[in-house]
Amino acid sequence: MAMGFILSMGAILRLFVILTLISVWSAPASAEKRIALVVGNSNYQNVTPLGNPRNDARLMAETLRSLGFALVAGGPQIDLDKAAFDGVLQKFGNAIMGADVALFYYAGHGVQVAGRNFLVPVAANPTKEADVYLQMVDTNVVLSQMDGAGTKLNIVVLDACRNNPFGGRGFRATGGGLAQMQAPEGTLISYATQPGNVALDGDGGNSPYSSALAATIRKPGLGLFEAFNEVGLAVKKSTGGAQQPWVSSSPIAGRFYFTGRSEAESPAAPAQPPVSAADRMREDFELAQKLGKREVWEAFLKAYPDGFYASIARSRLDEIKSKVALAAPSEPLPPPPTPQLRSMAGVWTGSYSYANGSQVPFTFNFGTAGCAGRAEEVNTFGNRSAPKLFANLACSSASLVPGQTVTITKTYDGTGGVSHAVSYVGRISADLRSISGRWSLSGASGTFTMSR
């Protein structure tokens, strides 16, 4: 009877020790944050409409929601014009900040011009090649929204490799299908077919690619690359080899599953031999000694009040109590000094001025690395259909030193038809919270100031 009591108390101690170890050595696990933007354009106003993209978008939205993805704007975005497309992309960029996984899916018309890929809003009607840059959505804008968001994994899915609907308008730099894009760090790009080839819209309610993708990513136990490889094999089979999906990827750290591992993949725990009371007491003592906490030693003594290990435990407990008594401060310690902000990382707000004195407010958002970021400002000189202009940022140094000069290069991403680069050269303030100087562009220049 006594032995049964000791084993019960030993189990209590073991539970206490395990919980303490978890709290000391492990951060609490948080649910993975998955964000997706799903777009399907079917009802084209100036070129041949497509039957399936709206159905494909609804299928993918339902599938991704069932796999834990939160959908931007609450559901699939159907038949977007240019302004609506730009607006939802901006919401997407804001929503994925700090997310674990960001996924962009598009079904509809897509074209390549001069080696760049463009997604076609439903009202697009270019009459010359230059109109493409104003009326369509550059896929680099999608990638730039993901860049610097701090996501662990970015996925871009393009079921947009159909025939060029504007092929008869004499555009000199257009090609069939989509061009292959270089995947940025931590990004996988999946095309419905090989670069330069044409995908099928499908005879049923969904395209062959989207049907295969929705079915495959629901299967448990498939890693990221395994899933897209299986999609490719399924599409190749269903189209008799006429369509072969393509993937472009940079190195991706870790393992990602759309849904959990299969039971067959999870290793079974090996059978454990029975543990004697003496071995259990020794194991509990070693765990308590490893932690070295007062409450752990007290729990050990409640479980094992007698014997050699109990004597050592009392000695350890007395040592801890003595150290606590000696270390008790007579008056509270001063708070630690506030660290200086020595990195460019973070959000800066400011304005730049023209020679006539007019000012334009802007926001610079530098990522955790500190030397690359994203800018936005009011549209004062581009195509006014875009209310804001966006740009990518690069700086000469990620570290801030009082009084030194830093150079920031701002390259507009093409939103509103603006794609040039501007150089900002400014001096860092003594408190590292502001930078002031001059901007320049092809002979034009002015002043700027920014702070955080």
# chains A, B, ... in the order shown; residues from 1 in each chain; ligands from 1
>>> residues_around(residues="Ser343 in chain A", least_positions_apart="3", cutoff="6 Å", atoms="only C-alpha atoms", output="list in words")
Ala398, Ser399 and Leu400 of chain A
>>> write_last_selection(atoms="C-alpha atoms", output="PDB file, in the first residue's frame")
ATOM      1  CA  ALA A 398      20.785  48.781 -42.452  1.00  0.00           C
ATOM      2  CA  SER A 399      22.506  50.263 -39.356  1.00  0.00           C
ATOM      3  CA  LEU A 400      21.873  53.833 -38.207  1.00  0.00           C
TER       4      LEU A 400
END
>>> residues_around(residues="Pro251 in chain A", least_positions_apart="6", cutoff="10 Å", atoms="only C-alpha atoms", output="list in words")
Ala183, Pro184, Glu185, Gly186, Thr187 and Leu188 of chain A
>>> closest_residue(among="A:Gly370, A:Pro220, A:Pro208, A:Pro165", to="Pro53 in chain A", atoms="only C-alpha atoms")
A:Pro208
>>> select_by_dssp(residues="range 317-398 of chain A", states="strand (DSSP E)", output="ChimeraX atom specification")
/A:346-353,359-366,372-378,388-395
>>> write_last_selection(atoms="N, CA and C atoms", output="mmCIF file, in the first residue's frame")
data_model
loop_
_atom_site.group_PDB
_atom_site.id
_atom_site.type_symbol
_atom_site.label_atom_id
_atom_site.label_comp_id
_atom_site.auth_asym_id
_atom_site.auth_seq_id
_atom_site.Cartn_x
_atom_site.Cartn_y
_atom_site.Cartn_z
ATOM 1 N N GLY A 346 11.442 49.090 -39.590
ATOM 2 C CA GLY A 346 10.284 49.736 -38.997
ATOM 3 C C GLY A 346 9.578 50.655 -39.984
ATOM 4 N N VAL A 347 8.579 51.369 -39.475
ATOM 5 C CA VAL A 347 7.752 52.247 -40.305
ATOM 6 C C VAL A 347 8.197 53.700 -40.122
ATOM 7 N N TRP A 348 8.485 54.372 -41.235
ATOM 8 C CA TRP A 348 8.874 55.788 -41.245
ATOM 9 C C TRP A 348 7.803 56.557 -42.018
ATOM 10 N N THR A 349 7.420 57.710 -41.507
ATOM 11 C CA THR A 349 6.490 58.576 -42.223
ATOM 12 C C THR A 349 7.167 59.908 -42.523
ATOM 13 N N GLY A 350 6.821 60.504 -43.641
ATOM 14 C CA GLY A 350 7.462 61.776 -43.985
ATOM 15 C C GLY A 350 6.817 62.399 -45.198
ATOM 16 N N SER A 351 7.525 63.338 -45.797
ATOM 17 C CA SER A 351 7.032 63.999 -47.005
ATOM 18 C C SER A 351 8.222 64.488 -47.816
ATOM 19 N N TYR A 352 8.014 64.576 -49.128
ATOM 20 C CA TYR A 352 9.041 65.183 -49.978
ATOM 21 C C TYR A 352 8.443 66.412 -50.670
ATOM 22 N N SER A 353 9.306 67.396 -50.967
ATOM 23 C CA SER A 353 8.857 68.677 -51.515
ATOM 24 C C SER A 353 9.445 68.912 -52.898
ATOM 25 N N GLN A 359 4.101 69.642 -51.307
ATOM 26 C CA GLN A 359 4.598 68.494 -50.560
ATOM 27 C C GLN A 359 3.732 67.261 -50.820
ATOM 28 N N VAL A 360 4.367 66.084 -50.772
ATOM 29 C CA VAL A 360 3.672 64.809 -50.952
ATOM 30 C C VAL A 360 4.007 63.915 -49.759
ATOM 31 N N PRO A 361 3.010 63.501 -48.976
ATOM 32 C CA PRO A 361 3.299 62.611 -47.845
ATOM 33 C C PRO A 361 3.600 61.191 -48.319
ATOM 34 N N PHE A 362 4.440 60.462 -47.578
ATOM 35 C CA PHE A 362 4.765 59.081 -47.934
ATOM 36 C C PHE A 362 4.984 58.256 -46.665
ATOM 37 N N THR A 363 4.988 56.926 -46.854
ATOM 38 C CA THR A 363 5.307 55.976 -45.777
ATOM 39 C C THR A 363 6.347 54.996 -46.295
ATOM 40 N N PHE A 364 7.470 54.864 -45.564
ATOM 41 C CA PHE A 364 8.494 53.868 -45.876
ATOM 42 C C PHE A 364 8.409 52.782 -44.807
ATOM 43 N N ASN A 365 8.245 51.539 -45.229
ATOM 44 C CA ASN A 365 8.152 50.410 -44.288
ATOM 45 C C ASN A 365 9.299 49.448 -44.575
ATOM 46 N N PHE A 366 10.344 49.461 -43.707
ATOM 47 C CA PHE A 366 11.497 48.579 -43.891
ATOM 48 C C PHE A 366 11.301 47.298 -43.103
ATOM 49 N N ALA A 372 15.750 46.588 -46.873
ATOM 50 C CA ALA A 372 14.815 46.456 -47.978
ATOM 51 C C ALA A 372 13.423 46.722 -47.449
ATOM 52 N N GLY A 373 12.598 47.369 -48.261
ATOM 53 C CA GLY A 373 11.276 47.691 -47.761
ATOM 54 C C GLY A 373 10.312 48.062 -48.862
ATOM 55 N N ARG A 374 9.229 48.707 -48.455
ATOM 56 C CA ARG A 374 8.111 49.000 -49.351
ATOM 57 C C ARG A 374 7.633 50.423 -49.060
ATOM 58 N N ALA A 375 7.308 51.183 -50.098
ATOM 59 C CA ALA A 375 6.866 52.567 -49.941
ATOM 60 C C ALA A 375 5.493 52.745 -50.571
ATOM 61 N N GLU A 376 4.725 53.688 -49.997
ATOM 62 C CA GLU A 376 3.476 54.078 -50.634
ATOM 63 C C GLU A 376 3.271 55.578 -50.445
ATOM 64 N N GLU A 377 2.585 56.193 -51.421
ATOM 65 C CA GLU A 377 2.353 57.636 -51.371
ATOM 66 C C GLU A 377 1.120 57.973 -52.190
ATOM 67 N N VAL A 378 0.617 59.163 -51.991
ATOM 68 C CA VAL A 378 -0.523 59.634 -52.776
ATOM 69 C C VAL A 378 -0.103 59.778 -54.235
ATOM 70 N N LYS A 388 -3.002 55.451 -55.195
ATOM 71 C CA LYS A 388 -1.684 55.502 -54.561
ATOM 72 C C LYS A 388 -0.633 54.897 -55.481
ATOM 73 N N LEU A 389 0.618 55.314 -55.278
ATOM 74 C CA LEU A 389 1.762 54.720 -55.968
ATOM 75 C C LEU A 389 2.565 53.907 -54.970
ATOM 76 N N PHE A 390 3.124 52.794 -55.426
ATOM 77 C CA PHE A 390 3.897 51.908 -54.558
ATOM 78 C C PHE A 390 5.292 51.722 -55.142
ATOM 79 N N ALA A 391 6.263 51.485 -54.260
ATOM 80 C CA ALA A 391 7.642 51.345 -54.713
ATOM 81 C C ALA A 391 8.388 50.392 -53.785
ATOM 82 N N ASN A 392 9.474 49.811 -54.318
ATOM 83 C CA ASN A 392 10.376 48.982 -53.516
ATOM 84 C C ASN A 392 11.555 49.833 -53.050
ATOM 85 N N LEU A 393 12.034 49.560 -51.842
ATOM 86 C CA LEU A 393 13.092 50.366 -51.227
ATOM 87 C C LEU A 393 14.359 49.546 -51.032
ATOM 88 N N ALA A 394 15.501 50.195 -51.195
ATOM 89 C CA ALA A 394 16.798 49.609 -50.851
ATOM 90 C C ALA A 394 17.650 50.719 -50.262
ATOM 91 N N CYS A 395 18.434 50.397 -49.207
ATOM 92 C CA CYS A 395 19.219 51.449 -48.551
ATOM 93 C C CYS A 395 20.698 51.076 -48.549
#
>>> closest_residue(among="A:Arg58, A:Gly367, A:Pro387, A:Met344", to="Ile408 in chain A", atoms="only C-alpha atoms")
A:Met344
